[in-house]
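For reference, target.cif is printed below; it contains mmCIF, C-alpha atoms.
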```cif
data_query
loop_
_atom_site.group_PDB
_atom_site.id
_atom_site.type_symbol
_atom_site.label_atom_id
_atom_site.label_comp_id
_atom_site.auth_asym_id
_atom_site.auth_seq_id
_atom_site.Cartn_x
_atom_site.Cartn_y
_atom_site.Cartn_z
ATOM 1 C CA MET S 684 -8.299 -17.044 -3.042
ATOM 2 C CA CYS S 685 -6.627 -13.825 -4.211
ATOM 3 C CA TYR S 686 -3.584 -12.489 -2.396
ATOM 4 C CA SER S 687 -2.994 -9.509 -4.644
ATOM 5 C CA ALA S 688 -5.285 -7.726 -7.068
ATOM 6 C CA GLN S 689 -4.889 -5.535 -10.128
ATOM 7 C CA ILE S 690 -7.091 -2.472 -9.664
ATOM 8 C CA VAL S 691 -8.148 0.771 -11.308
ATOM 9 C CA ALA S 692 -6.010 3.066 -9.159
ATOM 10 C CA ASP S 693 -6.671 6.420 -10.838
ATOM 11 C CA TYR S 694 -9.615 8.017 -9.017
ATOM 12 C CA ARG S 695 -10.344 10.186 -12.071
ATOM 13 C CA LYS S 696 -11.543 7.125 -13.984
ATOM 14 C CA TYR S 697 -14.250 6.544 -11.359
ATOM 15 C CA VAL S 698 -15.231 10.193 -11.622
ATOM 16 C CA LYS S 699 -15.451 10.021 -15.411
ATOM 17 C CA MET S 700 -17.155 6.621 -15.700
ATOM 18 C CA PHE S 701 -19.609 6.816 -12.815
ATOM 19 C CA GLY S 702 -19.947 10.503 -12.031
ATOM 20 C CA ALA S 703 -18.460 9.890 -8.595
ATOM 21 C CA HIS S 704 -16.899 12.564 -6.402
ATOM 22 C CA MET S 705 -13.524 12.202 -4.718
ATOM 23 C CA SER S 706 -13.414 12.642 -0.971
ATOM 24 C CA ILE S 707 -10.637 15.221 -0.753
ATOM 25 C CA LYS S 708 -10.943 15.175 3.024
ATOM 26 C CA GLU S 709 -10.289 11.432 3.357
ATOM 27 C CA PHE S 710 -7.396 11.348 0.895
ATOM 28 C CA ALA S 711 -5.765 14.311 2.639
ATOM 29 C CA GLU S 712 -6.278 12.772 6.078
ATOM 30 C CA LEU S 713 -4.743 9.502 4.877
ATOM 31 C CA TYR S 714 -1.372 11.137 4.170
ATOM 32 C CA TRP S 715 -1.575 13.671 6.986
ATOM 33 C CA GLU S 716 -2.259 11.061 9.662
ATOM 34 C CA HIS S 717 0.413 8.640 8.474
ATOM 35 C CA GLY S 718 3.036 11.361 8.217
ATOM 36 C CA GLY S 719 5.654 9.138 6.588
ATOM 37 C CA ARG S 720 4.848 6.026 8.597
ATOM 38 C CA ASP S 721 4.437 2.715 6.828
ATOM 39 C CA LEU S 722 1.719 3.767 4.395
ATOM 40 C CA LYS S 723 1.402 1.298 1.537
ATOM 41 C CA ALA S 724 -0.418 2.445 -1.592
ATOM 42 C CA PRO S 725 0.002 1.670 -5.298
ATOM 43 C CA LEU S 726 2.057 4.224 -7.186
ATOM 44 C CA ALA S 727 -0.759 4.594 -9.697
ATOM 45 C CA MET S 728 -3.055 5.951 -6.969
ATOM 46 C CA GLU S 729 -0.551 8.632 -6.016
ATOM 47 C CA ALA S 730 0.378 9.342 -9.647
ATOM 48 C CA ALA S 731 -3.173 10.598 -10.251
ATOM 49 C CA PHE S 732 -2.179 13.685 -8.243
ATOM 50 C CA PHE S 733 1.064 14.367 -10.151
ATOM 51 C CA ASP S 734 -0.717 16.788 -12.470
ATOM 52 C CA ALA S 735 -2.978 18.337 -9.832
ATOM 53 C CA GLN S 736 -5.526 20.763 -11.286
ATOM 54 C CA THR S 737 -7.280 22.164 -8.224
ATOM 55 C CA ASP S 738 -6.128 23.615 -4.908
ATOM 56 C CA ASP S 739 -7.445 20.535 -3.086
ATOM 57 C CA GLU S 740 -5.552 18.211 -5.417
ATOM 58 C CA ARG S 741 -2.399 20.290 -5.006
ATOM 59 C CA ARG S 742 -2.777 19.995 -1.238
ATOM 60 C CA ILE S 743 -2.842 16.210 -1.525
ATOM 61 C CA GLN S 744 0.050 16.330 -3.985
ATOM 62 C CA ALA S 745 2.109 18.271 -1.412
ATOM 63 C CA LEU S 746 1.247 15.757 1.331
ATOM 64 C CA ILE S 747 2.281 12.878 -0.920
ATOM 65 C CA ALA S 748 5.575 14.656 -1.656
ATOM 66 C CA GLU S 749 6.216 15.149 2.070
ATOM 67 C CA ASN S 750 5.362 11.517 2.739
ATOM 68 C CA ASN S 751 7.684 10.350 -0.037
ATOM 69 C CA ALA S 752 10.513 12.492 1.328
ATOM 70 C CA VAL S 753 10.226 10.708 4.669
ATOM 71 C CA ARG S 754 10.090 7.353 2.883
ATOM 72 C CA ALA S 755 13.198 8.228 0.885
ATOM 73 C CA THR S 756 15.138 9.147 4.042
ATOM 74 C CA LYS S 757 14.220 5.819 5.648
ATOM 75 C CA LEU S 758 15.185 3.891 2.522
ATOM 76 C CA GLU S 759 18.531 5.696 2.271
ATOM 77 C CA GLN S 760 19.195 4.803 5.905
ATOM 78 C CA GLU S 761 18.287 1.190 5.129
ATOM 79 C CA VAL S 762 20.758 1.141 2.219
ATOM 80 C CA PHE S 763 23.513 2.583 4.429
ATOM 81 C CA GLU S 764 22.889 0.048 7.213
ATOM 82 C CA GLN S 765 22.761 -2.915 4.854
ATOM 83 C CA ARG S 766 25.892 -1.857 2.974
ATOM 84 C CA THR S 767 27.678 -1.704 6.334
ATOM 85 C CA ARG S 768 26.369 -5.187 7.102
ATOM 86 C CA LEU S 769 27.429 -6.422 3.658
ATOM 87 C CA ALA S 770 30.945 -5.049 4.035
ATOM 88 C CA LYS S 771 31.298 -6.722 7.434
ATOM 89 C CA ALA S 772 30.132 -10.068 6.051
ATOM 90 C CA GLU S 773 32.530 -9.822 3.111
ATOM 91 C CA ARG S 774 35.449 -9.076 5.429
ATOM 92 C CA ILE S 775 34.654 -12.214 7.436
ATOM 93 C CA LEU S 776 34.323 -14.321 4.292
ATOM 94 C CA GLU S 777 37.740 -13.149 3.092
ATOM 95 C CA THR S 778 39.369 -14.887 6.058
ATOM 96 C CA LYS S 779 36.947 -17.743 6.713
ATOM 97 C CA ALA S 780 33.879 -19.083 4.899
ATOM 98 C CA THR S 781 31.092 -19.329 7.457
ATOM 99 C CA LYS S 782 27.429 -20.084 6.945
ATOM 100 C CA ALA S 783 26.391 -17.115 9.103
ATOM 101 C CA ALA S 784 28.497 -14.632 7.126
ATOM 102 C CA ALA S 785 27.291 -16.011 3.791
ATOM 103 C CA GLU S 786 23.682 -15.717 4.926
ATOM 104 C CA SER S 787 24.250 -12.197 6.218
ATOM 105 C CA LYS S 788 25.780 -11.246 2.856
ATOM 106 C CA ARG S 789 22.805 -12.699 0.977
ATOM 107 C CA ILE S 790 20.211 -10.924 3.146
ATOM 108 C CA ALA S 791 22.067 -7.608 3.014
ATOM 109 C CA SER S 792 22.402 -7.790 -0.776
ATOM 110 C CA ASN S 793 18.691 -8.531 -1.194
ATOM 111 C CA LYS S 794 17.683 -5.694 1.126
ATOM 112 C CA ILE S 795 19.967 -3.255 -0.667
ATOM 113 C CA ASP S 796 18.475 -4.201 -4.036
ATOM 114 C CA ALA S 797 14.914 -3.854 -2.689
ATOM 115 C CA ALA S 798 15.583 -0.467 -1.090
ATOM 116 C CA VAL S 799 17.305 0.874 -4.217
ATOM 117 C CA ARG S 800 14.326 -0.239 -6.345
ATOM 118 C CA ARG S 801 11.887 1.449 -3.983
ATOM 119 C CA LEU S 802 13.935 4.649 -4.058
ATOM 120 C CA ALA S 803 13.836 4.585 -7.854
ATOM 121 C CA ASP S 804 10.064 4.030 -7.749
ATOM 122 C CA LEU S 805 9.630 7.160 -5.626
ATOM 123 C CA LYS S 806 11.277 9.207 -8.367
ATOM 124 C CA ARG S 807 9.665 7.436 -11.329
ATOM 125 C CA THR S 808 6.825 9.148 -13.222
ATOM 126 C CA THR S 809 6.220 6.563 -15.950
ATOM 127 C CA LEU S 810 3.742 3.958 -14.711
ATOM 128 C CA LYS S 811 3.967 0.199 -15.113
ATOM 129 C CA ASP S 812 1.186 -2.406 -14.841
ATOM 130 C CA ALA S 813 2.547 -3.458 -11.453
ATOM 131 C CA ASP S 814 1.939 0.070 -10.149
ATOM 132 C CA SER S 815 -1.801 -0.687 -10.003
ATOM 133 C CA ARG S 816 -1.459 -3.888 -7.982
ATOM 134 C CA ILE S 817 -2.368 -4.008 -4.284
ATOM 135 C CA TYR S 818 -1.584 -6.460 -1.500
ATOM 136 C CA PRO S 819 -3.104 -7.023 1.967
ATOM 137 C CA GLY S 820 -2.671 -3.909 4.094
ATOM 138 C CA TRP S 821 -2.378 -1.581 1.089
ATOM 139 C CA TYR S 822 -4.644 1.388 0.480
ATOM 140 C CA ALA S 823 -6.626 1.774 -2.743
ATOM 141 C CA PRO S 824 -9.346 4.075 -4.095
ATOM 142 C CA VAL S 825 -12.765 2.487 -3.580
ATOM 143 C CA MET S 826 -16.080 3.808 -4.846
ATOM 144 C CA ILE S 827 -18.919 3.668 -2.321
ATOM 145 C CA VAL S 828 -22.391 5.143 -2.005
ATOM 146 C CA GLN S 829 -22.483 7.693 0.813
ATOM 147 C CA ASP S 830 -25.578 9.746 1.604
ATOM 148 C CA GLY S 831 -26.999 8.757 -1.759
ATOM 149 C CA HIS S 832 -23.921 9.859 -3.732
ATOM 150 C CA ARG S 833 -21.072 7.927 -5.300
ATOM 151 C CA VAL S 834 -17.846 8.849 -3.568
ATOM 152 C CA VAL S 835 -14.266 7.661 -4.089
ATOM 153 C CA VAL S 836 -12.429 7.180 -0.796
ATOM 154 C CA PRO S 837 -9.131 5.512 0.192
ATOM 155 C CA MET S 838 -9.636 2.156 1.910
ATOM 156 C CA ARG S 839 -7.299 -0.537 3.111
ATOM 157 C CA TYR S 840 -7.365 -4.057 1.699
ATOM 158 C CA ARG S 841 -8.063 -5.963 4.915
ATOM 159 C CA CYS S 842 -10.892 -7.404 7.015
ATOM 160 C CA ARG S 843 -10.768 -6.066 10.561
ATOM 161 C CA LEU S 844 -13.280 -7.678 12.885
ATOM 162 C CA PRO S 845 -15.077 -5.623 15.549
ATOM 163 C CA GLY S 846 -12.918 -5.183 18.624
ATOM 164 C CA TRP S 847 -9.657 -5.974 16.894
ATOM 165 C CA THR S 848 -6.593 -3.883 17.634
ATOM 166 C CA GLU S 849 -3.778 -3.229 15.180
ATOM 167 C CA GLU S 850 -1.663 -5.845 16.965
ATOM 168 C CA MET S 851 -4.413 -8.482 16.693
ATOM 169 C CA GLU S 852 -4.669 -7.757 12.999
ATOM 170 C CA LYS S 853 -0.928 -8.327 12.535
ATOM 171 C CA GLU S 854 -1.267 -11.700 14.255
ATOM 172 C CA LYS S 855 -3.842 -12.760 11.631
ATOM 173 C CA PRO S 856 -2.384 -11.589 8.304
ATOM 174 C CA GLY S 857 -4.661 -13.870 6.288
ATOM 175 C CA THR S 858 -7.828 -11.873 6.977
ATOM 176 C CA TYR S 859 -8.145 -10.134 3.633
ATOM 177 C CA ASN S 860 -10.768 -12.212 1.810
ATOM 178 C CA ALA S 861 -13.224 -15.081 2.232
ATOM 179 C CA LEU S 862 -15.323 -17.558 0.273
ATOM 180 C CA ARG S 863 -18.522 -16.083 -1.106
ATOM 181 C CA THR S 864 -20.403 -19.018 0.457
ATOM 182 C CA LEU S 865 -19.628 -17.449 3.838
ATOM 183 C CA LEU S 866 -21.118 -14.081 2.962
ATOM 184 C CA THR S 867 -24.519 -14.866 4.455
ATOM 185 C CA VAL S 868 -22.900 -16.325 7.572
ATOM 186 C CA ARG S 869 -20.107 -13.915 8.395
ATOM 187 C CA ALA S 870 -20.377 -10.776 6.271
ATOM 188 C CA VAL S 871 -22.479 -9.112 8.954
ATOM 189 C CA ASN S 872 -19.415 -9.234 11.228
ATOM 190 C CA PHE S 873 -17.215 -7.236 8.882
ATOM 191 C CA PRO S 874 -17.359 -3.419 9.217
ATOM 192 C CA SER S 875 -16.099 -3.109 5.660
ATOM 193 C CA TYR S 876 -17.236 -2.549 2.110
ATOM 194 C CA GLN S 877 -16.981 -5.471 -0.310
ATOM 195 C CA ALA S 878 -15.642 -3.647 -3.345
ATOM 196 C CA HIS S 879 -14.777 -6.535 -5.616
ATOM 197 C CA LYS S 880 -16.444 -9.944 -5.934
ATOM 198 C CA PRO S 881 -14.719 -12.566 -8.099
ATOM 199 C CA ALA S 882 -16.389 -15.873 -8.907
ATOM 200 C CA LYS S 883 -15.642 -17.701 -5.659
ATOM 201 C CA SER S 884 -14.318 -15.153 -3.202
ATOM 202 C CA PHE S 885 -14.499 -11.474 -2.262
ATOM 203 C CA LEU S 886 -11.866 -8.956 -1.336
ATOM 204 C CA ALA S 887 -12.676 -6.791 1.653
ATOM 205 C CA PHE S 888 -11.709 -3.183 2.193
ATOM 206 C CA HIS S 889 -12.130 -1.056 5.310
ATOM 207 C CA ARG S 890 -11.500 2.527 6.267
#
```

Structure encoded using structure tokens:
Amino acid sequence: MCYSAQIVADYRKYVKMFGAHMSIKEFAELYWEHGGRDLKAPLAMEAAFFDAQTDDERRIQALIAENNAVRATKLEQEVFEQRTRLAKAERILETKATKAAAESKRIASNKIDAAVRRLADLKRTTLKDADSRIYPGWYAPVMIVQDGHRVVVPMRYRCRLPGWTEEMEKEKPGTYNALRTLLTVRAVNFPSYQAHKPAKSFLAFHR
């Protein structure tokens, strides 16, 4: 069963290879609606808009920039808070070695490193292979057939059953794929598009 997946994140490759059209509306709504909230998407998907050529692409580029600015502010706040926590733990350890202080120092150091890396990623323009990898809950460009036309839309890597709320989904984080042998039994229950089918399992995406 796949937890993460390496994908083709540049929508322009779908357009070139399959003659698909990009849904400007859905990509724009994705960033507009999230407005800096916890939107997870591979850098390679966003990088496709770095050299925007049309007004619609430039609109999405601007929304991504606004979203990244909010992300950066949150990450900078995280670094500040964790450095304060780290300093406090180090002061305690200078006078007495305690398990709690040592653990707090370790967690703070790890969180600082992670936040600094993410801040650097927001500013980076050179892509790496890892920039095209997605994980459960992440958005990715998916090509579907809509009204008889191939369209590239952003979808989230997750199976959400009918009637589920966002909180119910968080309680069941493992609902992102299933055995292909269950397709005939349960696939009808998933309001999602199966965009990728490996040998023994499928990854599910939904809007």

Report task. Expand the PyMOL selection byres ((chain S and resi 698) around 12) into the individual residues it matches in the shown file, reporting them as JSON, numbers by chain. Result -> {"S": [691, 692, 693, 694, 695, 696, 697, 699, 700, 701, 702, 703, 704, 705, 706, 824, 825, 826, 827, 832, 833, 834, 835, 836]}

For stretch 812-825 of chain S, I'd like the enclosing box, axis-aligned and padded by 6 Å on every side, reported as AutoDock Vina command-line options with centre and edge lengths in Å to one decimal.
```
--center_x -5.1 --center_y -1.5 --center_z -5.4 --size_x 27.3 --size_y 23.1 --size_z 30.9
```

**Report entry** Residue IDs satisfying the PyMOL selection byres ((chain S and resi 743) around 9), as number ranges by chain
**Finding:** S: 707, 710-711, 714-715, 732, 735, 738-742, 744-748

Report task. Expand the PyMOL selection byres ((chain S and resi 749-758) around 12) into the individual residues it matches in the shown file, reporting them as a PyMOL selection string. Result -> chain S and resi 711+713-724+726+729+742-748+759-765+794-807

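Put simply, atom CA of S:Pro819 is 21.4 Å away from atom CA of S:Ala731.
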
Report task. Extract, using only C-alpha atoms, all DNA, RNA and protein residues at most 8 Å from S:Ala823, discarding same-chain residues fewer than 4 positions from it, and format them as an MDAnalysis selection string. Result -> chainID S and resid 692 724:725 728 817 837:840

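Separating atom CA of S:Glu849 from atom CA of S:Arg816 is a distance of 23.3 Å.
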
**Report entry** Two-atom distance - atom CA of S:Glu709, atom CA of S:Tyr822 (Å)
**Finding:** 11.9 Å

**Report entry** Near-S:Glu786 list (12 Å; all atoms listed in the file; drop same-chain fewer than 6 positions) as a list in words
**Finding:**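 Neighbouring residues, sequence-local ones excluded: Arg768, Leu769, Ala772, Glu773, Ile775, Leu776, Ala780, Ser792 and Asn793 of chain S.
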
Query raised in the report: Using only C-alpha atoms, which residue out of S:Tyr818, S:Thr778, S:Ala688, S:Lys788 lies closest to S:Arg841?
Result: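 Nearest to S:Arg841: S:Tyr818.
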
Since the input lacks atoms, please generate N, CA and C atoms for stretch 820-847 of chain S and provide them as a PDB file, keeping the file's coordinate frame.
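selection-v8.pdb was written with the following content:
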```pdb
ATOM      1  N   GLY S 820      -3.211  -5.017   3.314  1.00  0.00           N
ATOM      2  CA  GLY S 820      -2.671  -3.909   4.094  1.00  0.00           C
ATOM      3  C   GLY S 820      -2.428  -2.662   3.281  1.00  0.00           C
ATOM      4  N   TRP S 821      -2.585  -2.746   1.958  1.00  0.00           N
ATOM      5  CA  TRP S 821      -2.378  -1.581   1.089  1.00  0.00           C
ATOM      6  C   TRP S 821      -3.657  -0.782   0.955  1.00  0.00           C
ATOM      7  N   TYR S 822      -3.504   0.518   0.731  1.00  0.00           N
ATOM      8  CA  TYR S 822      -4.644   1.388   0.480  1.00  0.00           C
ATOM      9  C   TYR S 822      -4.934   1.438  -1.022  1.00  0.00           C
ATOM     10  N   ALA S 823      -6.206   1.671  -1.344  1.00  0.00           N
ATOM     11  CA  ALA S 823      -6.626   1.774  -2.743  1.00  0.00           C
ATOM     12  C   ALA S 823      -7.860   2.661  -2.810  1.00  0.00           C
ATOM     13  N   PRO S 824      -8.115   3.291  -3.958  1.00  0.00           N
ATOM     14  CA  PRO S 824      -9.346   4.075  -4.095  1.00  0.00           C
ATOM     15  C   PRO S 824     -10.529   3.140  -4.295  1.00  0.00           C
ATOM     16  N   VAL S 825     -11.570   3.331  -3.503  1.00  0.00           N
ATOM     17  CA  VAL S 825     -12.765   2.487  -3.580  1.00  0.00           C
ATOM     18  C   VAL S 825     -13.993   3.374  -3.732  1.00  0.00           C
ATOM     19  N   MET S 826     -14.865   3.021  -4.652  1.00  0.00           N
ATOM     20  CA  MET S 826     -16.080   3.808  -4.846  1.00  0.00           C
ATOM     21  C   MET S 826     -17.206   3.229  -3.991  1.00  0.00           C
ATOM     22  N   ILE S 827     -17.818   4.075  -3.181  1.00  0.00           N
ATOM     23  CA  ILE S 827     -18.919   3.668  -2.321  1.00  0.00           C
ATOM     24  C   ILE S 827     -20.099   4.617  -2.535  1.00  0.00           C
ATOM     25  N   VAL S 828     -21.234   4.255  -2.001  1.00  0.00           N
ATOM     26  CA  VAL S 828     -22.391   5.143  -2.005  1.00  0.00           C
ATOM     27  C   VAL S 828     -22.529   5.704  -0.597  1.00  0.00           C
ATOM     28  N   GLN S 829     -22.445   7.024  -0.487  1.00  0.00           N
ATOM     29  CA  GLN S 829     -22.483   7.693   0.813  1.00  0.00           C
ATOM     30  C   GLN S 829     -23.497   8.833   0.749  1.00  0.00           C
ATOM     31  N   ASP S 830     -24.506   8.739   1.603  1.00  0.00           N
ATOM     32  CA  ASP S 830     -25.578   9.746   1.604  1.00  0.00           C
ATOM     33  C   ASP S 830     -26.215   9.891   0.226  1.00  0.00           C
ATOM     34  N   GLY S 831     -26.339   8.758  -0.456  1.00  0.00           N
ATOM     35  CA  GLY S 831     -26.999   8.757  -1.759  1.00  0.00           C
ATOM     36  C   GLY S 831     -26.126   9.181  -2.915  1.00  0.00           C
ATOM     37  N   HIS S 832     -24.829   9.417  -2.671  1.00  0.00           N
ATOM     38  CA  HIS S 832     -23.921   9.859  -3.732  1.00  0.00           C
ATOM     39  C   HIS S 832     -22.748   8.896  -3.853  1.00  0.00           C
ATOM     40  N   ARG S 833     -22.254   8.747  -5.074  1.00  0.00           N
ATOM     41  CA  ARG S 833     -21.072   7.927  -5.300  1.00  0.00           C
ATOM     42  C   ARG S 833     -19.836   8.736  -4.940  1.00  0.00           C
ATOM     43  N   VAL S 834     -19.030   8.154  -4.064  1.00  0.00           N
ATOM     44  CA  VAL S 834     -17.846   8.849  -3.568  1.00  0.00           C
ATOM     45  C   VAL S 834     -16.644   7.907  -3.643  1.00  0.00           C
ATOM     46  N   VAL S 835     -15.506   8.438  -4.053  1.00  0.00           N
ATOM     47  CA  VAL S 835     -14.266   7.661  -4.089  1.00  0.00           C
ATOM     48  C   VAL S 835     -13.450   8.004  -2.847  1.00  0.00           C
ATOM     49  N   VAL S 836     -13.166   6.982  -2.041  1.00  0.00           N
ATOM     50  CA  VAL S 836     -12.429   7.180  -0.796  1.00  0.00           C
ATOM     51  C   VAL S 836     -11.269   6.180  -0.739  1.00  0.00           C
ATOM     52  N   PRO S 837     -10.222   6.481   0.020  1.00  0.00           N
ATOM     53  CA  PRO S 837      -9.131   5.512   0.192  1.00  0.00           C
ATOM     54  C   PRO S 837      -9.511   4.495   1.261  1.00  0.00           C
ATOM     55  N   MET S 838      -9.358   3.223   0.949  1.00  0.00           N
ATOM     56  CA  MET S 838      -9.636   2.156   1.910  1.00  0.00           C
ATOM     57  C   MET S 838      -8.498   1.152   1.893  1.00  0.00           C
ATOM     58  N   ARG S 839      -8.380   0.430   2.980  1.00  0.00           N
ATOM     59  CA  ARG S 839      -7.299  -0.537   3.111  1.00  0.00           C
ATOM     60  C   ARG S 839      -7.817  -1.943   2.816  1.00  0.00           C
ATOM     61  N   TYR S 840      -7.016  -2.695   2.080  1.00  0.00           N
ATOM     62  CA  TYR S 840      -7.365  -4.057   1.699  1.00  0.00           C
ATOM     63  C   TYR S 840      -7.126  -4.969   2.898  1.00  0.00           C
ATOM     64  N   ARG S 841      -8.166  -5.150   3.699  1.00  0.00           N
ATOM     65  CA  ARG S 841      -8.063  -5.963   4.915  1.00  0.00           C
ATOM     66  C   ARG S 841      -9.434  -6.104   5.568  1.00  0.00           C
ATOM     67  N   CYS S 842      -9.689  -7.233   6.190  1.00  0.00           N
ATOM     68  CA  CYS S 842     -10.892  -7.404   7.015  1.00  0.00           C
ATOM     69  C   CYS S 842     -10.484  -7.230   8.474  1.00  0.00           C
ATOM     70  N   ARG S 843     -11.039  -6.241   9.135  1.00  0.00           N
ATOM     71  CA  ARG S 843     -10.768  -6.066  10.561  1.00  0.00           C
ATOM     72  C   ARG S 843     -12.064  -6.306  11.318  1.00  0.00           C
ATOM     73  N   LEU S 844     -12.075  -7.340  12.136  1.00  0.00           N
ATOM     74  CA  LEU S 844     -13.280  -7.678  12.885  1.00  0.00           C
ATOM     75  C   LEU S 844     -13.516  -6.687  14.021  1.00  0.00           C
ATOM     76  N   PRO S 845     -14.770  -6.545  14.441  1.00  0.00           N
ATOM     77  CA  PRO S 845     -15.077  -5.623  15.549  1.00  0.00           C
ATOM     78  C   PRO S 845     -14.265  -5.969  16.795  1.00  0.00           C
ATOM     79  N   GLY S 846     -13.678  -4.964  17.401  1.00  0.00           N
ATOM     80  CA  GLY S 846     -12.918  -5.183  18.624  1.00  0.00           C
ATOM     81  C   GLY S 846     -11.445  -5.478  18.406  1.00  0.00           C
ATOM     82  N   TRP S 847     -11.060  -5.688  17.167  1.00  0.00           N
ATOM     83  CA  TRP S 847      -9.657  -5.974  16.894  1.00  0.00           C
ATOM     84  C   TRP S 847      -8.792  -4.728  17.066  1.00  0.00           C
TER      85      TRP S 847
END
```
